[in-house]
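Data block below; observations after.
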Amino acid sequence: MAAYEAYGKSDEWYTPRYVFEAIGIRFDLDVAAPVLGPRHVTTQFWYHMLRNGLRQPWHGTVWMNFPFGHQRNKQAWLKKFFDHGNGIALVPDRTSAPWFQEYAPQADVICWVSPKIKFERPDGSVGGSPGTGTALLAVGLTASAALDQCGLGMITGRRLAA
């Protein structure tokens, strides 16, 4: 749901359709969807902020674009994501941040998205260029294979055999 890092600003920023088209897989669960449901994520199941995906059970291949907010928020979502072990997480590429240093090395594959993603507002309009870039972190075979072929940017990390 949220992908724009501005303290005190709205968390209502959505990942554009082209990202999901490039990834090319159907997710089993969006763990942090808008209240009205996923905008472009191809999934049948989702948790929105009123159901708090951090407190719900996860299943299958997950999509995670969580409200960025404070560092503790990022750590809580990423801990649950890596404990789950199957999916793709969209995060700001804050490579020197302690939370990034702790969790990014756990990814099987990282896609350093280029150019910067211009996220969508709730009304469908496109925001300006964000102050930071975006990384997609994959864990698990399906998610890793999807990022490895997505063409959204430079790929790093361990390649898993299918």
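We name chains A, B, ... following the order of the structure tokens; residues begin at 1 in each chain, and ligands are numbered from 1 as shown.
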
Exercise. Show which residues sit within 6 Å of range 131-139 of chain A, as a PyMOL selection string. Count only C-alpha atoms, and ignore same-chain residues fewer than 5 positions away.
Key: chain A and resi 85-93+107-113+116+144

What does the file look like for those residues with C-alpha atoms, as a compact mmCIF listing (two decimals), in the first residue's frame?
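Output file selection.txt is given in full below:
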```
# COMPACT_ATOMS: atom_id res chain seq x y z
CA GLY A 85 9.92 -17.04 3.65
CA ASN A 86 7.90 -16.72 0.43
CA GLY A 87 7.19 -13.53 -1.50
CA ILE A 88 8.28 -10.14 -2.75
CA ALA A 89 8.65 -7.03 -0.59
CA LEU A 90 8.89 -3.49 -1.92
CA VAL A 91 11.17 -1.32 0.23
CA PRO A 92 12.98 2.02 -0.05
CA ASP A 93 16.61 1.38 -0.98
CA ALA A 107 16.78 -11.85 0.42
CA ASP A 108 17.42 -14.54 -2.16
CA VAL A 109 17.24 -11.95 -4.96
CA ILE A 110 17.16 -8.13 -4.91
CA CYS A 111 15.97 -6.01 -7.82
CA TRP A 112 17.28 -2.45 -7.64
CA VAL A 113 14.45 -0.77 -9.55
CA LYS A 116 12.59 5.38 -9.62
CA SER A 144 13.09 -15.15 -6.84
```

Practice problem: Step one, run DSSP on the backbone; step two, keep only residues of range 34-129 of chain A assigned to helix (DSSP H, G or I); then write them as a ChimeraX atom specification. | Solution: /A:53-55,71-84,98-106

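For Thr42 in chain A, the set of protein, DNA and RNA residues having any atom at most 9 Å away, when counting only C-alpha atoms and skipping those fewer than 6 positions along the same chain, is A:Phe20, A:Ile25, A:Arg26, A:Phe27, A:Asp28, A:Leu29, A:Asp30.
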
Practice problem: Name all residues at most 10 Å from range 50-52 of chain A (count only C-alpha atoms; drop same-chain ones fewer than 5 positions away) and give them as a PyMOL selection string. | Solution: chain A and resi 31-35

So that each row is one residue of range 18-104 of chain A with an atom at most 7 Å from range 145-158 of chain A, can you give its shortest atom pair and the distance in Å to one decimal, using only C-alpha atoms, rows by chain and rising number, as a Markdown table?
```
| residue | atom | partner | partner_atom | distance |
| --- | --- | --- | --- | --- |
| A:Ala22 | CA | A:Cys150 | CA | 4.9 |
| A:Ile23 | CA | A:Cys150 | CA | 5.0 |
| A:Gly24 | CA | A:Ala146 | CA | 6.6 |
| A:Ile25 | CA | A:Ala146 | CA | 6.9 |
```

Take the residues from that selection and write them out as a PDB file, in the first residue's frame, keeping N, CA, C and O atoms.
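Result file follows (again-v6.pdb):
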```pdb
ATOM      1  N   ALA A  22       5.495  -6.662 -14.985  1.00  0.00           N
ATOM      2  CA  ALA A  22       6.886  -7.104 -15.153  1.00  0.00           C
ATOM      3  C   ALA A  22       7.200  -8.307 -14.268  1.00  0.00           C
ATOM      4  O   ALA A  22       7.899  -9.238 -14.696  1.00  0.00           O
ATOM      5  N   ILE A  23       6.702  -8.317 -13.045  1.00  0.00           N
ATOM      6  CA  ILE A  23       6.942  -9.440 -12.136  1.00  0.00           C
ATOM      7  C   ILE A  23       6.266 -10.701 -12.677  1.00  0.00           C
ATOM      8  O   ILE A  23       6.836 -11.790 -12.642  1.00  0.00           O
ATOM      9  N   GLY A  24       5.066 -10.558 -13.175  1.00  0.00           N
ATOM     10  CA  GLY A  24       4.417 -11.620 -13.932  1.00  0.00           C
ATOM     11  C   GLY A  24       3.920 -12.840 -13.166  1.00  0.00           C
ATOM     12  O   GLY A  24       3.780 -13.905 -13.762  1.00  0.00           O
ATOM     13  N   ILE A  25       3.659 -12.707 -11.863  1.00  0.00           N
ATOM     14  CA  ILE A  25       3.115 -13.849 -11.127  1.00  0.00           C
ATOM     15  C   ILE A  25       1.838 -13.431 -10.409  1.00  0.00           C
ATOM     16  O   ILE A  25       1.596 -12.245 -10.179  1.00  0.00           O
TER      17      ILE A  25
END
```

Quiz item: Between A:Arg121, A:Arg94, A:Val19, A:Tyr14, which has the minimum distance to Pro67 in chain A (counting only C-alpha atoms)?
Solution: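 Comparing A:Arg121, A:Arg94, A:Val19, A:Tyr14 against Pro67 in chain A, the winner is A:Tyr14.
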
Quiz item: Expressed in Å to a single decimal, how great is the separation between CA of Pro38 in chain A and CA of Arg17 in chain A?
Solution: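 If I compute the distance from CA of Pro38 in chain A to CA of Arg17 in chain A, I get 10.9 Å.
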
Quiz item: Which residue, A:Trp99, A:Ser114, A:Leu141, A:Trp58, has the smallest gap to Asn73 in chain A when you use only C-alpha atoms?
Solution: A:Trp99

Self-check item: Which of range 112-155 of chain A DSSP labels strand (DSSP E or B), written as JSON, numbers by chain
Solution: {"A": [112, 113, 120, 126, 134, 135, 136, 137, 138, 139, 153, 154, 155]}

Exercise. Would you work out the distance separating CA of Pro98 in chain A from CA of Gly128 in chain A, expressed in Å to one decimal?
Key: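 Calculated distance between CA of Pro98 in chain A and CA of Gly128 in chain A is 26.8 Å.
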
Practice problem: Grab the CA of Gln75 in chain A to CA of Gln106 in chain A distance for me, in Å with one decimal place. | Solution: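 Atom-to-atom, CA of Gln75 in chain A to CA of Gln106 in chain A, that is 12.9 Å.
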
Practice problem: Identify, on the basis of only C-alpha atoms, every residue whose closest approach to Lys80 in chain A does not exceed 10 Å; exclude the query and any residue fewer than 6 positions from it along the same chain; express the result as an MDAnalysis selection string. | Solution: chainID A and resid 53:55 57:58

Write the residues of the selection above to a file with N, CA and C atoms, as a compact mmCIF listing (two decimals), in the first residue's frame.
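Contents of out22.txt, freshly written:
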```txt
# COMPACT_ATOMS: atom_id res chain seq x y z
N GLY A 53 -2.22 -6.73 8.71
CA GLY A 53 -1.53 -7.90 8.22
C GLY A 53 -0.41 -8.41 9.11
N LEU A 54 0.12 -7.56 9.97
CA LEU A 54 1.15 -8.01 10.90
C LEU A 54 0.59 -8.99 11.94
N ARG A 55 -0.69 -8.90 12.19
CA ARG A 55 -1.30 -9.74 13.23
C ARG A 55 -2.09 -10.91 12.65
N PRO A 57 -2.36 -14.45 10.00
CA PRO A 57 -1.53 -15.51 9.41
C PRO A 57 -1.31 -15.25 7.92
N TRP A 58 -0.13 -15.55 7.43
CA TRP A 58 0.17 -15.40 6.01
C TRP A 58 0.23 -16.78 5.38
```
